[in-house]
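Student: Below you'll find structure31.cif; it's mmCIF, C-alpha atoms and all ligand atoms.
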```
data_final
#
loop_
_atom_site.label_atom_id
_atom_site.label_comp_id
_atom_site.auth_asym_id
_atom_site.auth_seq_id
_atom_site.Cartn_x
_atom_site.Cartn_y
_atom_site.Cartn_z
CA MET A 921 77.22 108.47 171.79
CA THR A 922 75.84 110.03 174.95
CA PHE A 923 72.66 108.72 176.50
CA GLN A 924 70.57 110.38 179.13
CA GLN A 925 68.08 108.45 181.21
CA THR A 926 64.92 110.39 182.10
CA THR A 927 61.69 108.81 183.30
CA GLY A 928 62.72 105.45 181.92
CA GLN A 929 63.18 106.74 178.35
CA VAL A 930 66.52 106.91 176.63
CA PHE A 931 67.42 110.15 174.89
CA VAL A 932 70.38 110.74 172.64
CA SER A 933 71.93 114.05 173.58
CA LEU A 934 74.50 116.32 172.00
CA PRO A 935 77.39 116.99 171.78
CA GLN A 936 78.61 113.61 170.58
CA LYS A 937 82.08 112.47 169.59
CA LEU A 938 81.36 110.62 166.34
CA THR A 939 84.29 108.56 165.19
CA ASN A 940 82.56 106.25 162.74
CA VAL A 941 80.32 108.26 160.44
CA GLN A 942 78.08 106.02 158.35
CA VAL A 943 77.16 106.87 154.78
CA PRO A 944 73.58 106.55 153.51
CA PRO A 945 72.76 104.89 150.17
CA ILE A 946 71.56 108.06 148.43
CA LYS A 947 74.16 110.54 147.21
CA ILE A 948 73.46 114.24 146.70
CA GLN A 949 75.49 117.34 145.96
CA GLY A 950 76.37 119.19 149.16
CA ILE A 951 76.25 115.98 151.25
CA LYS A 952 77.67 116.67 154.72
CA THR A 953 79.39 113.34 155.37
CA LYS A 954 82.71 115.03 156.09
CA LEU A 955 81.11 117.60 158.41
CA VAL A 956 78.94 115.31 160.55
CA SER A 957 81.57 114.94 163.32
CA PHE A 958 82.12 118.69 163.42
CA ILE A 959 78.36 119.30 163.64
CA ALA A 960 77.86 116.64 166.34
CA ALA A 961 80.69 118.06 168.44
CA ASN A 962 79.46 121.65 168.44
CA ILE A 963 75.81 121.41 169.46
CA MET A 964 74.51 121.17 173.01
CA TRP A 965 71.02 119.66 173.25
CA ASP A 966 69.43 117.30 175.77
CA GLY A 967 67.66 115.31 173.03
CA VAL A 968 64.37 115.29 174.94
CA GLY A 969 62.29 117.15 172.32
CA THR A 970 62.08 116.47 168.60
CA TYR A 971 64.98 116.84 166.17
CA HIS A 972 63.90 118.47 162.89
CA GLU A 973 65.87 118.35 159.66
CA PRO A 974 63.88 120.32 157.04
CA PHE A 975 66.55 120.06 154.32
CA MET A 976 67.37 116.40 154.84
CA GLY A 977 68.95 115.61 151.46
CA SER A 978 70.74 112.29 151.98
CA GLY A 979 69.90 112.41 155.71
CA VAL A 980 73.52 111.76 156.64
CA VAL A 981 73.52 114.27 159.51
CA GLY A 982 70.38 113.18 161.35
CA PHE A 983 70.91 109.48 160.66
CA ASN A 984 74.31 109.66 162.35
CA LEU A 985 73.08 111.79 165.26
CA ALA A 986 70.24 109.26 165.61
CA PRO A 987 67.97 111.25 167.97
CA GLN A 988 65.08 109.46 169.64
CA ARG A 989 62.35 111.56 168.00
CA ALA A 990 62.80 113.20 164.60
CA ILE A 991 61.01 114.74 161.65
CA PHE A 992 63.03 114.65 158.42
CA SER A 993 61.69 116.61 155.49
CA ASP A 994 62.60 117.91 152.06
CA THR A 995 60.78 119.35 149.06
CA ASN A 996 62.24 116.59 146.89
CA PRO A 997 59.48 113.92 146.88
CA HIS A 998 61.83 111.18 145.62
CA LEU A 999 64.14 111.41 148.62
CA ILE A 1000 61.19 111.22 150.98
CA ARG A 1001 59.58 108.34 149.08
CA PHE A 1002 62.84 106.39 149.17
CA TYR A 1003 63.39 106.82 152.92
CA GLN A 1004 59.70 106.32 153.74
CA SER A 1005 59.73 103.01 151.83
CA LEU A 1006 62.78 101.91 153.78
CA TYR A 1007 61.24 103.05 157.05
CA ASP A 1008 58.03 101.11 156.30
CA GLY A 1009 60.02 97.99 155.42
CA LYS A 1010 58.80 98.11 151.79
CA ILE A 1011 62.45 98.24 150.73
CA THR A 1012 64.90 95.94 152.49
CA ALA A 1013 68.59 95.11 152.08
CA PRO A 1014 67.95 91.70 150.40
CA MET A 1015 65.49 93.39 148.03
CA VAL A 1016 68.09 96.02 147.06
CA ARG A 1017 70.70 93.33 146.43
CA GLU A 1018 68.32 91.35 144.25
CA TYR A 1019 67.25 94.45 142.33
CA LEU A 1020 70.83 95.62 141.69
CA GLU A 1021 72.02 92.15 140.75
CA THR A 1022 69.22 91.98 138.18
CA GLU A 1023 69.72 95.50 136.83
CA ALA A 1024 73.54 95.68 136.81
CA PRO A 1025 74.11 93.15 133.98
CA LYS A 1026 71.59 95.02 131.81
CA LEU A 1027 73.64 98.17 132.22
CA ALA A 1028 76.80 96.31 131.27
CA ASP A 1029 75.26 94.46 128.33
CA THR A 1030 73.73 97.31 126.36
CA PRO A 1031 75.07 97.60 122.80
CA ASP A 1032 76.70 100.96 123.49
CA GLY A 1033 78.54 99.34 126.35
CA ARG A 1034 76.54 100.97 129.21
CA GLU A 1035 74.73 104.20 128.53
CA SER A 1036 71.45 103.26 126.96
CA TYR A 1037 70.17 101.16 129.85
CA TYR A 1038 70.83 104.06 132.24
CA TYR A 1039 68.59 106.26 130.06
CA GLU A 1040 65.96 103.53 129.90
CA VAL A 1041 65.84 103.45 133.70
CA ARG A 1042 65.77 107.25 133.78
CA ASP A 1043 62.74 107.33 131.43
CA ARG A 1044 61.04 104.64 133.50
CA PHE A 1045 61.77 106.57 136.71
CA ASN A 1046 60.31 109.77 135.26
CA LYS A 1047 57.06 107.89 134.55
CA GLU A 1048 56.79 105.58 137.56
CA HIS A 1049 58.96 107.17 140.31
CA SER A 1050 60.10 103.85 141.74
CA PRO A 1051 62.36 104.34 144.78
CA LEU A 1052 64.60 101.47 143.64
CA ASP A 1053 65.09 103.11 140.24
CA PHE A 1054 65.92 106.34 142.09
CA LEU A 1055 68.63 104.48 144.00
CA PHE A 1056 69.93 102.96 140.75
CA LEU A 1057 70.16 106.40 139.11
CA GLN A 1058 71.78 108.05 142.11
CA ARG A 1059 74.48 105.40 142.16
CA SER A 1060 75.25 105.35 138.45
CA ASN A 1061 74.72 108.96 137.41
CA PHE A 1062 77.21 111.79 137.04
CA ASN A 1063 78.83 112.60 140.41
CA GLY A 1064 75.84 111.61 142.56
CA MET A 1065 74.02 114.76 141.47
CA ILE A 1066 70.29 115.25 141.98
CA ARG A 1067 68.91 117.57 139.33
CA PHE A 1068 65.52 118.19 137.76
CA ASN A 1069 64.36 120.17 134.75
CA SER A 1070 61.68 122.85 135.03
CA SER A 1071 58.89 120.30 134.62
CA GLY A 1072 60.22 118.15 137.44
CA GLY A 1073 61.89 115.54 135.22
CA TYR A 1074 65.07 113.95 136.56
CA ASN A 1075 67.75 114.87 134.04
CA VAL A 1076 71.17 113.89 135.39
CA PRO A 1077 73.34 112.22 132.72
CA PHE A 1078 75.06 108.85 133.07
CA GLY A 1079 78.33 108.82 135.00
CA ARG A 1080 80.72 107.07 132.64
CA LYS A 1081 82.77 104.58 134.61
CA PRO A 1082 83.61 101.01 133.67
CA ASN A 1083 81.77 98.30 135.57
CA ARG A 1084 79.42 100.74 137.35
CA PHE A 1085 77.79 98.18 139.60
CA ALA A 1086 80.73 95.93 140.46
CA PRO A 1087 79.84 93.22 143.04
CA ALA A 1088 81.73 95.17 145.72
CA LEU A 1089 79.59 98.25 145.10
CA ILE A 1090 76.38 96.21 145.23
CA THR A 1091 77.50 94.83 148.60
CA LYS A 1092 78.38 98.31 149.82
CA ILE A 1093 74.97 99.74 148.86
CA THR A 1094 73.19 96.72 150.36
CA ASN A 1095 75.08 97.26 153.63
CA GLN A 1096 74.17 100.95 153.65
CA VAL A 1097 70.50 100.00 153.25
CA ARG A 1098 70.83 97.34 155.98
CA TRP A 1099 72.34 99.89 158.39
CA LEU A 1100 69.41 102.26 157.83
CA GLY A 1101 66.83 99.47 158.04
CA GLU A 1102 68.17 98.51 161.48
CA LEU A 1103 68.41 102.13 162.62
CA PHE A 1104 64.85 102.87 161.48
CA GLN A 1105 63.53 99.86 163.39
CA ALA A 1106 65.15 101.21 166.54
CA ARG A 1107 63.53 104.63 166.01
CA PRO A 1108 59.74 104.18 165.95
CA ASP A 1109 59.20 107.92 166.46
CA TRP A 1110 60.71 109.17 163.22
CA THR A 1111 58.64 110.85 160.52
CA PHE A 1112 59.46 111.70 156.89
CA ALA A 1113 57.57 114.50 155.18
CA ASN A 1114 57.63 115.97 151.69
CA GLN A 1115 57.27 119.61 152.62
CA SER A 1116 58.95 123.00 152.55
CA PHE A 1117 60.89 124.38 155.50
CA GLU A 1118 58.04 126.83 156.21
CA ASP A 1119 55.65 123.90 156.72
CA ALA A 1120 58.27 122.00 158.71
CA TYR A 1121 58.51 124.92 161.15
CA GLN A 1122 54.77 124.58 161.96
CA ASP A 1123 55.66 121.58 164.14
CA VAL A 1124 58.73 123.02 165.87
CA GLU A 1125 58.43 123.61 169.62
CA ALA A 1126 60.61 125.38 172.19
CA HIS A 1127 62.43 122.28 173.48
CA ASP A 1128 63.10 120.97 169.94
CA PHE A 1129 66.25 121.27 167.86
CA VAL A 1130 66.43 122.11 164.15
CA TYR A 1131 69.43 121.36 161.93
CA LEU A 1132 69.37 123.44 158.74
CA ASP A 1133 71.31 122.85 155.57
CA PRO A 1134 69.64 124.93 152.85
CA PRO A 1135 70.97 125.14 149.29
CA TYR A 1136 73.55 127.82 148.54
CA ILE A 1137 72.08 131.13 147.49
CA GLY A 1138 72.57 132.27 143.92
CA ARG A 1139 73.62 128.92 142.52
CA HIS A 1140 71.37 126.79 140.37
CA ASP A 1141 72.00 123.48 142.01
CA GLY A 1142 68.97 121.92 140.31
CA TYR A 1143 67.53 120.49 143.55
CA PHE A 1144 63.82 119.91 143.26
CA ASP A 1145 63.04 123.51 144.26
CA SER A 1146 64.96 126.64 143.43
CA TRP A 1147 66.47 128.59 146.30
CA SER A 1148 66.55 132.37 146.47
CA GLU A 1149 67.56 135.42 148.52
CA GLU A 1150 63.91 135.72 149.63
CA LYS A 1151 63.80 132.15 150.91
CA ALA A 1152 67.13 132.57 152.68
CA ASP A 1153 65.84 135.74 154.39
CA LEU A 1154 62.62 134.00 155.40
CA LEU A 1155 64.52 131.01 156.81
CA ALA A 1156 66.72 133.30 158.91
CA GLU A 1157 63.68 135.18 160.17
CA ILE A 1158 61.52 132.15 161.01
CA THR A 1159 64.43 130.35 162.67
CA GLN A 1160 65.61 133.21 164.84
CA LYS A 1161 62.06 134.05 165.97
CA ASN A 1162 61.37 130.44 166.99
CA PRO A 1163 62.32 129.61 170.60
CA SER A 1164 63.75 126.21 169.60
CA GLY A 1165 67.47 125.51 169.26
CA TYR A 1166 69.02 125.49 165.81
CA ALA A 1167 72.25 124.90 163.92
CA LEU A 1168 72.76 126.04 160.35
CA SER A 1169 75.46 124.89 157.96
CA MET A 1170 76.79 127.36 155.42
CA TRP A 1171 80.10 128.18 153.88
CA HIS A 1172 82.01 130.78 155.82
CA SER A 1173 84.79 132.01 153.57
CA ASN A 1174 87.30 131.10 150.94
CA ARG A 1175 90.51 132.74 149.80
CA HIS A 1176 88.57 135.42 147.96
CA ARG A 1177 85.63 136.38 150.13
CA THR A 1178 83.49 135.87 153.21
CA ASN A 1179 79.88 134.73 152.87
CA GLY A 1180 77.78 137.91 153.26
CA HIS A 1181 74.71 135.86 154.18
CA LEU A 1182 76.20 135.16 157.59
CA ASP A 1183 74.99 138.66 158.47
CA LEU A 1184 71.42 137.33 158.38
CA TRP A 1185 72.29 135.16 161.37
CA ALA A 1186 73.44 137.89 163.72
CA HIS A 1187 71.90 136.18 166.77
CA GLY A 1188 73.77 132.93 166.26
CA VAL A 1189 77.17 131.77 167.44
CA VAL A 1190 79.51 130.84 164.60
CA HIS A 1191 81.75 127.79 164.78
CA THR A 1192 84.15 127.32 161.90
CA THR A 1193 86.13 124.44 160.46
CA ASP A 1194 89.66 124.53 159.24
CA HIS A 1195 90.11 124.63 155.47
CA PHE A 1196 87.90 122.12 153.77
CA TYR A 1197 87.47 120.88 150.21
CA HIS A 1198 83.99 120.37 148.79
CA VAL A 1199 83.19 117.95 146.05
CA GLY A 1200 80.99 119.22 143.28
CA ALA A 1201 80.52 122.87 144.23
CA LYS A 1202 81.92 124.84 141.36
CA GLU A 1203 83.44 128.09 142.57
CA LEU A 1204 83.88 126.80 146.10
CA ASN A 1205 85.56 123.70 144.82
CA ARG A 1206 88.42 125.59 143.24
CA SER A 1207 89.84 126.74 146.54
CA ALA A 1208 89.71 125.55 150.11
CA VAL A 1209 86.64 126.67 152.01
CA ILE A 1210 86.05 127.32 155.68
CA GLU A 1211 82.67 125.94 156.69
CA ALA A 1212 80.50 127.56 159.36
CA LEU A 1213 78.02 126.11 161.80
CA VAL A 1214 75.81 128.88 163.19
CA VAL A 1215 74.32 127.70 166.47
CA SER A 1216 71.60 129.25 168.65
CA PRO A 1217 73.34 130.80 171.70
CA LYS A 1218 71.59 128.48 174.19
CA ASN A 1219 72.85 125.43 172.26
CA THR A 1220 76.48 126.26 171.68
CA VAL A 1221 79.16 124.17 173.36
CA ASP A 1222 81.83 126.78 173.06
CA PRO A 1223 80.83 130.34 172.33
CA VAL A 1224 83.35 131.50 169.77
CA THR A 1225 81.94 134.60 168.21
CA THR A 1226 78.65 136.01 166.96
CA ALA A 1227 78.02 136.22 163.22
CA GLY A 1228 79.97 138.98 161.59
CA GLY A 1229 82.18 139.44 164.66
CA SER A 1230 85.79 138.57 165.21
CA PRO A 1231 88.08 136.93 166.15
CA ARG A 1232 87.06 133.48 164.98
CA VAL A 1233 88.56 130.33 166.35
CA LEU A 1234 89.19 127.64 163.77
CA LEU A 1235 88.08 124.20 164.88
CA THR A 1236 89.91 121.52 162.97
CA LEU A 1237 87.82 118.66 161.61
C1 LIG A 1301 72.37 121.14 150.73
S1 LIG A 1301 71.09 119.96 150.45
C2 LIG A 1301 71.02 119.13 152.00
C3 LIG A 1301 72.15 118.13 152.13
C4 LIG A 1301 72.07 117.28 153.38
N1 LIG A 1301 72.36 118.02 154.57
C5 LIG A 1301 73.06 116.12 153.24
O1 LIG A 1301 74.06 116.09 153.95
O2 LIG A 1301 72.80 115.24 152.41
C6 LIG A 1301 69.64 120.94 150.46
C7 LIG A 1301 68.32 120.17 150.40
O3 LIG A 1301 67.25 121.12 150.54
C8 LIG A 1301 66.14 120.73 149.75
N2 LIG A 1301 65.33 121.93 149.54
C9 LIG A 1301 65.46 122.92 148.60
N3 LIG A 1301 64.56 123.89 148.79
C10 LIG A 1301 63.83 123.54 149.89
C11 LIG A 1301 62.75 124.15 150.61
N4 LIG A 1301 62.24 125.31 150.22
N5 LIG A 1301 62.27 123.52 151.72
C12 LIG A 1301 62.78 122.31 152.10
N6 LIG A 1301 63.78 121.67 151.44
C13 LIG A 1301 64.31 122.28 150.36
C14 LIG A 1301 66.80 120.13 148.50
O4 LIG A 1301 65.91 119.24 147.86
C15 LIG A 1301 68.04 119.45 149.08
O5 LIG A 1301 67.77 118.10 149.35
#
```
Transcribe the structure of this file into C-alpha cells.
Tutor:
Amino acid sequence: MTFQQTTGQVFVSLPQKLTNVQVPPIKIQGIKTKLVSFIAANIMWDGVGTYHEPFMGSGVVGFNLAPQRAIFSDTNPHLIRFYQSLYDGKITAPMVREYLETEAPKLADTPDGRESYYYEVRDRFNKEHSPLDFLFLQRSNFNGMIRFNSSGGYNVPFGRKPNRFAPALITKITNQVRWLGELFQARPDWTFANQSFEDAYQDVEAHDFVYLDPPYIGRHDGYFDSWSEEKADLLAEITQKNPSGYALSMWHSNRHRTNGHLDLWAHGVVHTTDHFYHVGAKELNRSAVIEALVVSPKNTVDPVTTAGGSPRVLLTL
C-alpha cells in the first residue's frame, strides 16, 4: 500500500499492488473480489480527496483500497444498514459469533433437515430487517445471491448444502467481521448512504475519485433496484461531465461479442483483463470473459486505448 504524507495527514494513494485481497462477510452476485488487484493496479489517484463508491454491493473494492475519506452508497438499504451497524460498533465480531452459534443448530435441527429454519429467518428478516439475519441469509442462501421481489421482499431460496454453518465457516465469517471492524475504526471519515448514484454524485468534487460498478444492462439481476438502458446512459453522462476521476467496471467481450455499451464511455481509457470466469452470471458464465476497467484519462496509469478503439493490450490478472 502506498502512503503519501501531506500536511501531517496520511493519504492512501493509487495505484497499489494488492497481494492479499480480503473478503467481506456479505456475498453478492457480481462481487469483484477477483478483480480488486487489477482495479488497484490501474488507477492513478493521490487519495487526497474523497473516494466514492455509489454501487458498493459487498464493498470489497473500496474496503481493500482503504482510502482515507470515502462515501459508500447503494440503493439496497439492507447492505447499508449492515455496514452502518458495523461501522457504529452495533455489530461486532463476538456478537456475530454468538449469533451464528445460536442460530446454526436451529438450521441443522429442523425436521426437514435444514430448510424450514432458513425460511423462518427469511420471514423474520422481511418483517424486521435485522442486519444479523441479513448476514445469516446471505451466508446460507443459494449462491450468495441478493434478490428481491417487486414489493421489496427478499426472496432468495435456501442453498442446500450439508452442515451450512460448520464451526470453520462461523470462524471465517467472524474473522471477516473483525477485519472490517478494525478497518472501520481506523477510518473515521467514512460514510455509508442508502441512495441512488444520481444522489451520490451531488457530493462529488473535482479532486475526488469515483469507482463505478453498476449492474449489467438488460439482465434482471434482482438487485434492490432495476437497471436500464436509460440509467446506464445517465450514469455515463453524469460521470463524464463531472471533473472528478472515475473508473468503471464492465464486461468487455466474450467469445461471441463485444459489449456495445463501452461506446457510451468514449472519453475513458480502457484497461482489459485476460480471460476471466465469472461466478453466477448466466450467459457470461458459459464462456470466458474479458473484463474492462474504463478510467478517466487523467487517472490512468498506462494509457492503452480509448473506448471503441484498438489495439487493446491485455493485462493479465
Ligand atoms: C454489480 S453490484 C456491485 C458489486 C460490488 N462492486 C462488489 O464487488 O460487491 C451493483 C450494485 O448496485 C446497486 N444498485 C442498483 N441500482 C442502483 C442505483 N440506481 N444506484 C445505486 N446503486 C444501485 C445494487 O444494489 C448492487 O449492490
Student: Which polymer residues have any atom within 8 Å of an atom of range 1068-1084 of chain A, counting all atoms listed in the file, with same-chain residues fewer than 3 positions away left out, as an NGL selection string?
Tutor: :A and (1024 or 1028 or 1035 or 1038-1039 or 1042 or 1046 or 1060-1063 or 1065 or 1142-1144)
Student: Per residue of chain A within 6 Å of ligand LIG 1301 (chain A), which atom pair is closest and at what distance in Å (one decimal), using all atoms listed in the file, listed by chain and increasing number, as a Markdown table?
Tutor:
```
| residue | atom | partner | partner_atom | distance |
| --- | --- | --- | --- | --- |
| A:Ile948 | CA | A:LIG1301 | O2 | 5.8 |
| A:Gly950 | CA | A:LIG1301 | C1 | 4.7 |
| A:Ile951 | CA | A:LIG1301 | O1 | 3.5 |
| A:Lys952 | CA | A:LIG1301 | O1 | 3.7 |
| A:Pro974 | CA | A:LIG1301 | C12 | 5.4 |
| A:Phe975 | CA | A:LIG1301 | O3 | 4.0 |
| A:Met976 | CA | A:LIG1301 | C4 | 5.0 |
| A:Gly977 | CA | A:LIG1301 | O5 | 3.5 |
| A:Ser978 | CA | A:LIG1301 | O2 | 3.6 |
| A:Gly979 | CA | A:LIG1301 | O2 | 5.2 |
| A:Val980 | CA | A:LIG1301 | O1 | 5.1 |
| A:Val981 | CA | A:LIG1301 | O1 | 5.9 |
| A:Asp994 | CA | A:LIG1301 | N6 | 4.0 |
| A:Thr995 | CA | A:LIG1301 | N6 | 4.5 |
| A:Asn996 | CA | A:LIG1301 | O4 | 4.6 |
| A:Ser1116 | CA | A:LIG1301 | N5 | 3.5 |
| A:Phe1117 | CA | A:LIG1301 | N5 | 4.1 |
| A:Asp1133 | CA | A:LIG1301 | N1 | 5.0 |
| A:Pro1134 | CA | A:LIG1301 | C6 | 4.7 |
| A:Pro1135 | CA | A:LIG1301 | C1 | 4.5 |
| A:Tyr1143 | CA | A:LIG1301 | O4 | 4.8 |
| A:Phe1144 | CA | A:LIG1301 | O4 | 5.1 |
| A:Asp1145 | CA | A:LIG1301 | N3 | 4.8 |
| A:Trp1147 | CA | A:LIG1301 | N3 | 5.7 |
```
Student: Record the distance separating CA of Ser1169 in chain A and CA of Leu1182 in chain A, expressed in Å with one decimal.
Tutor: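 These two atoms are separated by 10.3 Å.
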Student: When you look at range 999-1010 of chain A with a cut-off of 6 Å (counting only C-alpha atoms), what residues show up, excluding the ones that are within fewer than 4 positions of it in the same chain? I need them as a list in words.
Tutor: Pro1051, Phe1104 and Asn1114 of chain A
Student: How far is it from CA of Thr1159 in chain A to CA of Pro1217 in chain A, in Å with one decimal?
Tutor: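 Computing it gives 12.7 Å between the two atoms.
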Student: With only C-alpha atoms as the counted atoms, please give the residues lying no more than 12 Å from Asn1179 in chain A, apart from itself and same-chain residues fewer than 2 positions off, as a list in words.
Tutor: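 In the requested format, the answer is Tyr1136, Ile1137, Gly1138, Ser1169, Met1170, Trp1171, His1172, Ser1173, Asn1174, Arg1175, His1176, Arg1177, His1181, Leu1182, Asp1183, Leu1184, Trp1185, Leu1204, Val1209, Ile1210, Glu1211, Ala1212, Ala1227 and Gly1228 of chain A.
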Student: One number please: CA of Leu1132 in chain A to CA of Pro1108 in chain A, in Å, one decimal.
Tutor: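 CA of Leu1132 in chain A sits 22.7 Å away from CA of Pro1108 in chain A.
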Student: Show me the residues around (65.7, 102.3, 133.5) - criterion: an atom at most 10 Å away, all atoms listed in the file counted - as a list in words.
Tutor: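 Residues with an atom at most 10 Å from (65.7, 102.3, 133.5): Glu1023, Lys1026, Leu1027, Ser1036, Tyr1037, Tyr1038, Tyr1039, Glu1040, Val1041, Arg1042, Asp1043, Arg1044, Phe1045, Asn1046, Asp1053, Phe1054, Phe1056 and Leu1057 of chain A.
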Student: Of the candidates A:Ser1216, A:Thr953, A:Thr1094, A:Thr1178, which one gets nearest to Tyr1166 in chain A if we count only C-alpha atoms?
Tutor: A:Ser1216
